[in-house]
Structure formats: C-alpha cells, structure tokens
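Student: The file below is input-v5.cif, mmCIF, C-alpha atoms and all ligand atoms:
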```cif
data_start
#
loop_
_atom_site.label_atom_id
_atom_site.label_comp_id
_atom_site.auth_asym_id
_atom_site.auth_seq_id
_atom_site.Cartn_x
_atom_site.Cartn_y
_atom_site.Cartn_z
CA MET A 25 10.40 -3.59 2.70
CA ARG A 26 7.08 -4.36 4.44
CA ILE A 27 3.77 -2.92 3.29
CA LEU A 28 0.18 -3.23 4.49
CA CYS A 29 -2.80 -2.90 2.14
CA LEU A 30 -5.84 -1.93 4.15
CA ASN A 31 -9.39 -1.89 2.80
CA GLY A 32 -12.29 -0.44 4.74
CA PRO A 33 -16.07 -0.85 4.79
CA ASN A 34 -18.00 -2.49 1.96
CA LEU A 35 -14.86 -3.31 -0.01
CA ASN A 36 -15.44 -6.99 0.80
CA ARG A 37 -18.44 -6.57 -1.56
CA LEU A 38 -16.30 -5.74 -4.61
CA GLY A 39 -17.56 -7.61 -7.65
CA LYS A 40 -21.14 -7.45 -6.33
CA ARG A 41 -21.59 -3.79 -5.36
CA GLU A 42 -22.15 -0.84 -7.77
CA LYS A 43 -20.17 -2.44 -10.59
CA GLU A 44 -20.40 0.73 -12.71
CA ALA A 45 -18.36 2.57 -10.05
CA TYR A 46 -16.09 -0.21 -8.80
CA GLY A 47 -15.78 -2.79 -11.61
CA THR A 48 -16.36 -6.53 -11.55
CA PHE A 49 -13.24 -7.79 -9.77
CA THR A 50 -13.53 -9.27 -6.28
CA LEU A 51 -11.44 -8.38 -3.24
CA ALA A 52 -9.90 -11.88 -3.32
CA GLU A 53 -8.84 -11.38 -6.97
CA LEU A 54 -7.42 -7.95 -6.20
CA GLU A 55 -5.48 -9.19 -3.18
CA SER A 56 -4.04 -12.17 -5.03
CA GLU A 57 -2.88 -9.88 -7.86
CA LEU A 58 -1.18 -7.60 -5.32
CA MET A 59 0.46 -10.54 -3.52
CA GLN A 60 1.84 -11.72 -6.88
CA PHE A 61 3.18 -8.23 -7.58
CA ALA A 62 4.87 -8.17 -4.15
CA GLU A 63 6.52 -11.52 -4.86
CA GLN A 64 7.81 -10.28 -8.25
CA GLN A 65 9.10 -7.03 -6.74
CA ASN A 66 10.53 -8.77 -3.68
CA PHE A 67 8.74 -7.02 -0.84
CA GLU A 68 6.50 -8.26 1.97
CA LEU A 69 2.81 -7.48 1.67
CA ALA A 70 -0.11 -8.13 4.02
CA CYS A 71 -3.70 -7.44 2.91
CA ARG A 72 -6.53 -6.81 5.36
CA GLN A 73 -10.14 -5.64 5.14
CA SER A 74 -12.58 -4.60 7.84
CA ASN A 75 -16.02 -3.01 8.00
CA HIS A 76 -15.22 -1.69 11.49
CA GLU A 77 -13.64 1.67 12.18
CA GLY A 78 -11.99 0.57 15.45
CA GLU A 79 -10.43 -2.49 13.86
CA LEU A 80 -8.93 -0.35 11.07
CA ILE A 81 -7.54 2.00 13.74
CA ASP A 82 -6.03 -0.93 15.70
CA TRP A 83 -4.33 -2.18 12.52
CA LEU A 84 -2.94 1.28 11.76
CA HIS A 85 -1.49 1.48 15.29
CA GLU A 86 -0.05 -2.03 14.90
CA ALA A 87 1.58 -1.02 11.60
CA GLY A 88 3.10 1.97 13.39
CA ASP A 89 4.43 -0.19 16.26
CA ASP A 90 5.85 -2.69 13.74
CA LYS A 91 7.52 0.20 11.87
CA LEU A 92 6.18 -0.88 8.48
CA ASP A 93 7.53 0.94 5.42
CA GLY A 94 4.16 1.98 4.04
CA ILE A 95 0.40 1.53 4.00
CA VAL A 96 -2.00 1.60 1.06
CA LEU A 97 -5.36 2.63 2.48
CA ASN A 98 -8.80 2.58 0.91
CA ALA A 99 -10.89 3.71 3.86
CA GLY A 100 -14.11 3.57 1.79
CA ALA A 101 -16.79 5.90 3.13
CA TYR A 102 -14.78 6.47 6.34
CA THR A 103 -12.58 8.65 4.13
CA HIS A 104 -15.34 11.26 4.21
CA THR A 105 -16.41 10.86 7.85
CA SER A 106 -13.72 9.55 10.16
CA ILE A 107 -11.64 11.97 12.19
CA ALA A 108 -10.62 8.94 14.29
CA ILE A 109 -8.93 7.22 11.32
CA ARG A 110 -7.35 10.53 10.32
CA ASP A 111 -5.92 10.84 13.84
CA ALA A 112 -4.64 7.24 13.73
CA ILE A 113 -2.72 8.05 10.52
CA ALA A 114 -1.31 11.18 12.16
CA ALA A 115 -0.36 9.13 15.24
CA ILE A 116 1.94 6.71 13.40
CA ASN A 117 5.19 7.30 11.62
CA VAL A 118 4.40 5.30 8.47
CA PRO A 119 3.63 6.85 5.05
CA VAL A 120 0.02 6.19 4.08
CA ILE A 121 -1.16 6.42 0.47
CA GLU A 122 -4.88 7.05 0.18
CA VAL A 123 -6.50 5.25 -2.74
CA HIS A 124 -9.96 5.16 -4.31
CA ILE A 125 -11.06 2.85 -7.09
CA SER A 126 -13.56 5.37 -8.45
CA ASN A 127 -12.76 9.01 -9.16
CA VAL A 128 -14.27 10.52 -6.01
CA TYR A 129 -14.08 14.01 -7.55
CA ASN A 130 -16.54 13.31 -10.35
CA ARG A 131 -19.08 11.72 -8.01
CA GLU A 132 -21.37 13.11 -5.30
CA GLU A 133 -20.25 16.25 -3.49
CA PHE A 134 -19.95 14.41 -0.14
CA ARG A 135 -17.15 12.29 -1.64
CA HIS A 136 -15.07 15.35 -2.52
CA HIS A 137 -13.83 15.87 1.00
CA SER A 138 -11.26 13.52 2.51
CA TYR A 139 -10.28 13.60 6.18
CA MET A 140 -7.32 11.39 5.22
CA ALA A 141 -5.76 13.59 2.51
CA PRO A 142 -4.03 16.18 4.78
CA VAL A 143 -2.24 13.46 6.76
CA ALA A 144 -1.60 11.05 3.86
CA ALA A 145 1.66 10.97 1.90
CA GLY A 146 -0.43 11.19 -1.26
CA GLN A 147 -3.69 10.26 -2.92
CA ILE A 148 -4.47 8.16 -6.02
CA THR A 149 -8.05 8.08 -7.23
CA GLY A 150 -10.06 6.96 -10.25
CA PHE A 151 -7.94 4.33 -12.03
CA GLY A 152 -9.97 1.31 -11.00
CA LYS A 153 -8.05 -1.47 -9.31
CA ASP A 154 -4.78 -0.08 -10.73
CA VAL A 155 -4.79 2.50 -7.91
CA TYR A 156 -3.47 -0.16 -5.51
CA LYS A 157 -0.51 -1.09 -7.74
CA LEU A 158 0.20 2.58 -8.47
CA ALA A 159 0.32 3.22 -4.72
CA LEU A 160 2.66 0.26 -4.19
CA HIS A 161 4.91 1.65 -6.96
CA ALA A 162 4.92 5.04 -5.22
CA LEU A 163 5.96 3.41 -1.93
CA LEU A 164 8.70 1.39 -3.67
CA MET A 165 10.06 4.54 -5.34
CA ARG A 166 9.89 6.46 -2.08
CA ASN A 167 11.78 3.65 -0.33
CA GLN A 168 14.48 3.55 -3.04
CA ARG A 169 15.04 7.30 -2.62
CA GLY A 170 15.52 6.65 1.12
C1 LIG B 201 -14.20 4.42 -2.51
C2 LIG B 201 -14.96 5.75 -2.69
C3 LIG B 201 -15.78 6.08 -1.45
O1 LIG B 201 -16.45 7.30 -1.63
C4 LIG B 201 -16.79 4.99 -1.20
O2 LIG B 201 -17.51 5.25 -0.01
C5 LIG B 201 -16.19 3.63 -1.18
C6 LIG B 201 -15.14 3.30 -2.14
C7 LIG B 201 -13.46 4.01 -3.82
O3 LIG B 201 -12.62 3.11 -3.72
O4 LIG B 201 -13.75 4.54 -4.91
O5 LIG B 201 -16.61 2.76 -0.42
O6 LIG B 201 -13.23 4.59 -1.50
#
```
Take the structure I supplied and represent it as structure tokens, if you would.
Tutor:
Amino acid sequence: MRILCLNGPNLNRLGKREKEAYGTFTLAELESELMQFAEQQNFELACRQSNHEGELIDWLHEAGDDKLDGIVLNAGAYTHTSIAIRDAIAAINVPVIEVHISNVYNREEFRHHSYMAPVAAGQITGFGKDVYKLALHALLMRNQRG
C-alpha cells in the first residue's frame, strides 16, 4: 500500500501561522508523526508540500501514473479557488481524501465551499492534526475492503 500526503500553500508555516486556527505543531513534526504511523502500520508514505498550484497538479498526475493507493490532500486555500486542482483529482484514478486542520464550516463563508469535495472520496475537517491520521485510517480501511 502506497500513499501520498500532499500539503498545499502556507502549510509550511504551521507552528508560526494563526496558531488559534491551526495549532502549534510544525509541518516537520506532523510529517514525522505520519511517517512513524506508516512504519507501524506497514505501508509506504511520502509527504510533500508546495505553495505552487502547478507543482501540486504535477504531483497529483504523478501519483495517478504511479497508481498509488490513496492521497491525503490539504490543498489549503486552493480548496476554495482551484478548478485546476479539482480537475487534476478527477483526471487520476486514485482516491483522494480532503482534509482540513480547522473546521472550515465554522469559519468565514468563503471557506465553506470546496472545489475538491465533489471529486474527493471523502472529507475530514476540524480535528486539528488528527485529520491526517484519520484520513490514513480511512484509506487503510478502504484498501482492506478491496
Ligand atoms: C485549511 C483551511 C483553509 O481554508 C485555509 O486556507 C488553509 C488551511 C485547514 O487545514 O484548515 O490554508 O485547509
């Protein structure tokens, strides 16, 4: 089982940015926790982050070509703006779980709409950094069901 965890714009600033919304953990801490979880659960995990829409799209295509088993995607603000990332998800045959650290539905109105949601396998929002592990669990369970 091979999974990609993809973080979008500004998520490299975790631990420094809007701590009341996103907590105090850094991206490096989050990724190392997820890598440890992957080792325990015996699956392959790669973690990537980019502030650039095109780079995220290239990585989604690559994941499709490599026939990965799943993607955990926090597209950051691109969630609410990017038809191009939505189309990239639709263009690959890999289940994508959309995650958000904060609960986007109790924040500003512009965060309530997701271009990703209709093409994602599911969405997990509002449980802090646990959303990533919850999404990995969902992909593991989905894989076990076959
Ligand atoms: C976010 C929520 C988005 O609205 C925001 O633009 C982010 C982070 C989250 O993880 O809660 O950058 O995706």
Student: Every residue with an atom at most 8 Å from (-5.7, -0.7, 4.4) (file coordinates; only C-alpha atoms) is what I'm after, so could you write them as a PDB file with C-alpha atoms, in the coordinates of the input?
Tutor:
```pdb
ATOM      1  CA  LEU A  28       0.180  -3.230   4.490  1.00  0.00           C
ATOM      2  CA  CYS A  29      -2.800  -2.900   2.140  1.00  0.00           C
ATOM      3  CA  LEU A  30      -5.840  -1.930   4.150  1.00  0.00           C
ATOM      4  CA  ASN A  31      -9.390  -1.890   2.800  1.00  0.00           C
ATOM      5  CA  GLY A  32     -12.290  -0.440   4.740  1.00  0.00           C
ATOM      6  CA  CYS A  71      -3.700  -7.440   2.910  1.00  0.00           C
ATOM      7  CA  ARG A  72      -6.530  -6.810   5.360  1.00  0.00           C
ATOM      8  CA  GLN A  73     -10.140  -5.640   5.140  1.00  0.00           C
ATOM      9  CA  LEU A  80      -8.930  -0.350  11.070  1.00  0.00           C
ATOM     10  CA  ILE A  95       0.400   1.530   4.000  1.00  0.00           C
ATOM     11  CA  VAL A  96      -2.000   1.600   1.060  1.00  0.00           C
ATOM     12  CA  LEU A  97      -5.360   2.630   2.480  1.00  0.00           C
ATOM     13  CA  ASN A  98      -8.800   2.580   0.910  1.00  0.00           C
ATOM     14  CA  ALA A  99     -10.890   3.710   3.860  1.00  0.00           C
TER      15      ALA A  99
END
```
Student: Kindly provide the residues of chain A that approach ligand LIG 201 (chain B) to within 6 Å, each paired with its closest atom pair and their distance in Å to one decimal, based on all atoms listed in the file, listed by chain and increasing number, as a Markdown table.
Tutor:
```
| residue | atom | partner | partner_atom | distance |
| --- | --- | --- | --- | --- |
| A:Asn34 | CA | B:LIG201 | O5 | 5.9 |
| A:Asn98 | CA | B:LIG201 | O6 | 5.4 |
| A:Ala99 | CA | B:LIG201 | O6 | 5.9 |
| A:Gly100 | CA | B:LIG201 | O5 | 3.4 |
| A:Ala101 | CA | B:LIG201 | O2 | 3.3 |
| A:His124 | CA | B:LIG201 | O3 | 3.4 |
| A:Ile125 | CA | B:LIG201 | O3 | 3.7 |
| A:Ser126 | CA | B:LIG201 | O4 | 3.6 |
| A:Val128 | CA | B:LIG201 | C2 | 5.9 |
| A:Arg135 | CA | B:LIG201 | O1 | 5.0 |
```
Student: Convert the current residue selection to file output with C-alpha atoms, as a compact mmCIF listing (two decimals), keeping the file's coordinate frame.
Tutor:
```txt
# COMPACT_ATOMS: atom_id res chain seq x y z
CA ASN A 34 -18.00 -2.49 1.96
CA ASN A 98 -8.80 2.58 0.91
CA ALA A 99 -10.89 3.71 3.86
CA GLY A 100 -14.11 3.57 1.79
CA ALA A 101 -16.79 5.90 3.13
CA HIS A 124 -9.96 5.16 -4.31
CA ILE A 125 -11.06 2.85 -7.09
CA SER A 126 -13.56 5.37 -8.45
CA VAL A 128 -14.27 10.52 -6.01
CA ARG A 135 -17.15 12.29 -1.64
```
Student: From the list A:His136, A:Lys157, A:His76, A:Lys91, which residue is nearest Glu55 in chain A when using only C-alpha atoms?
Tutor: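 Between A:His136, A:Lys157, A:His76, A:Lys91, the residue approaching Glu55 in chain A most closely is A:Lys157.
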Student: Select, from A:Thr105, A:Gln147, A:Gln168, A:Asn117, the residue with the minimum atom-to-atom distance to Phe134 in chain A, counting all atoms listed in the file.
Tutor: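 When distances to Phe134 in chain A are compared using all atoms listed in the file, the smallest one comes from A:Thr105.
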Student: Excluding range 111-113 of chain A and any residue of its chain fewer than 3 positions from it, enumerate the residues within 8 Å of it, using only C-alpha atoms, and give them as an MDAnalysis selection string.
Tutor: chainID A and resid 81 84:85 107:108 116 118 120 140 143:144
Student: Calculated over all atoms listed in the file, which of the candidates A:Leu51, A:Arg26, A:Pro119, A:Pro142 has the smallest distance to Leu92 in chain A?
Tutor: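 Result for the nearest residue to Leu92 in chain A: A:Arg26.
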Student: Restricting the calculation to only C-alpha atoms, which member of A:Lys153, A:Arg131, A:His137, A:Arg110 is positioned closest to Thr50 in chain A?
Tutor: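 Closest to Thr50 in chain A of all the choices is A:Lys153.
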Student: Determine, counting only C-alpha atoms, which protein, DNA and RNA residues have an atom within 12 Å of an atom of His161 in chain A; residues of the same chain fewer than 5 positions away are not included. Present the result as an mmCIF file with C-alpha atoms, keeping the file's coordinate frame.
Tutor:
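Contents of part08.cif, freshly written:
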```
data_model
loop_
_atom_site.group_PDB
_atom_site.id
_atom_site.type_symbol
_atom_site.label_atom_id
_atom_site.label_comp_id
_atom_site.auth_asym_id
_atom_site.auth_seq_id
_atom_site.Cartn_x
_atom_site.Cartn_y
_atom_site.Cartn_z
ATOM 1 C CA ILE A 27 3.770 -2.920 3.290
ATOM 2 C CA LEU A 58 -1.180 -7.600 -5.320
ATOM 3 C CA PHE A 61 3.180 -8.230 -7.580
ATOM 4 C CA ALA A 62 4.870 -8.170 -4.150
ATOM 5 C CA GLN A 65 9.100 -7.030 -6.740
ATOM 6 C CA PHE A 67 8.740 -7.020 -0.840
ATOM 7 C CA GLY A 94 4.160 1.980 4.040
ATOM 8 C CA ILE A 95 0.400 1.530 4.000
ATOM 9 C CA VAL A 96 -2.000 1.600 1.060
ATOM 10 C CA ILE A 121 -1.160 6.420 0.470
ATOM 11 C CA ILE A 148 -4.470 8.160 -6.020
ATOM 12 C CA ASP A 154 -4.780 -0.080 -10.730
ATOM 13 C CA VAL A 155 -4.790 2.500 -7.910
ATOM 14 C CA TYR A 156 -3.470 -0.160 -5.510
ATOM 15 C CA ARG A 166 9.890 6.460 -2.080
ATOM 16 C CA ASN A 167 11.780 3.650 -0.330
ATOM 17 C CA GLN A 168 14.480 3.550 -3.040
#
```
Student: Do you have the CA of Ile109 in chain A-CA of Leu69 in chain A distance handy?
Tutor: 21.1 Å
Student: Which residue is closest to Ser74 in chain A? Choose from A:Ala162, A:Glu122, A:Asp89, A:Arg37 and count only C-alpha atoms.
Tutor: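 So, comparing all the options, the nearest one is A:Arg37.
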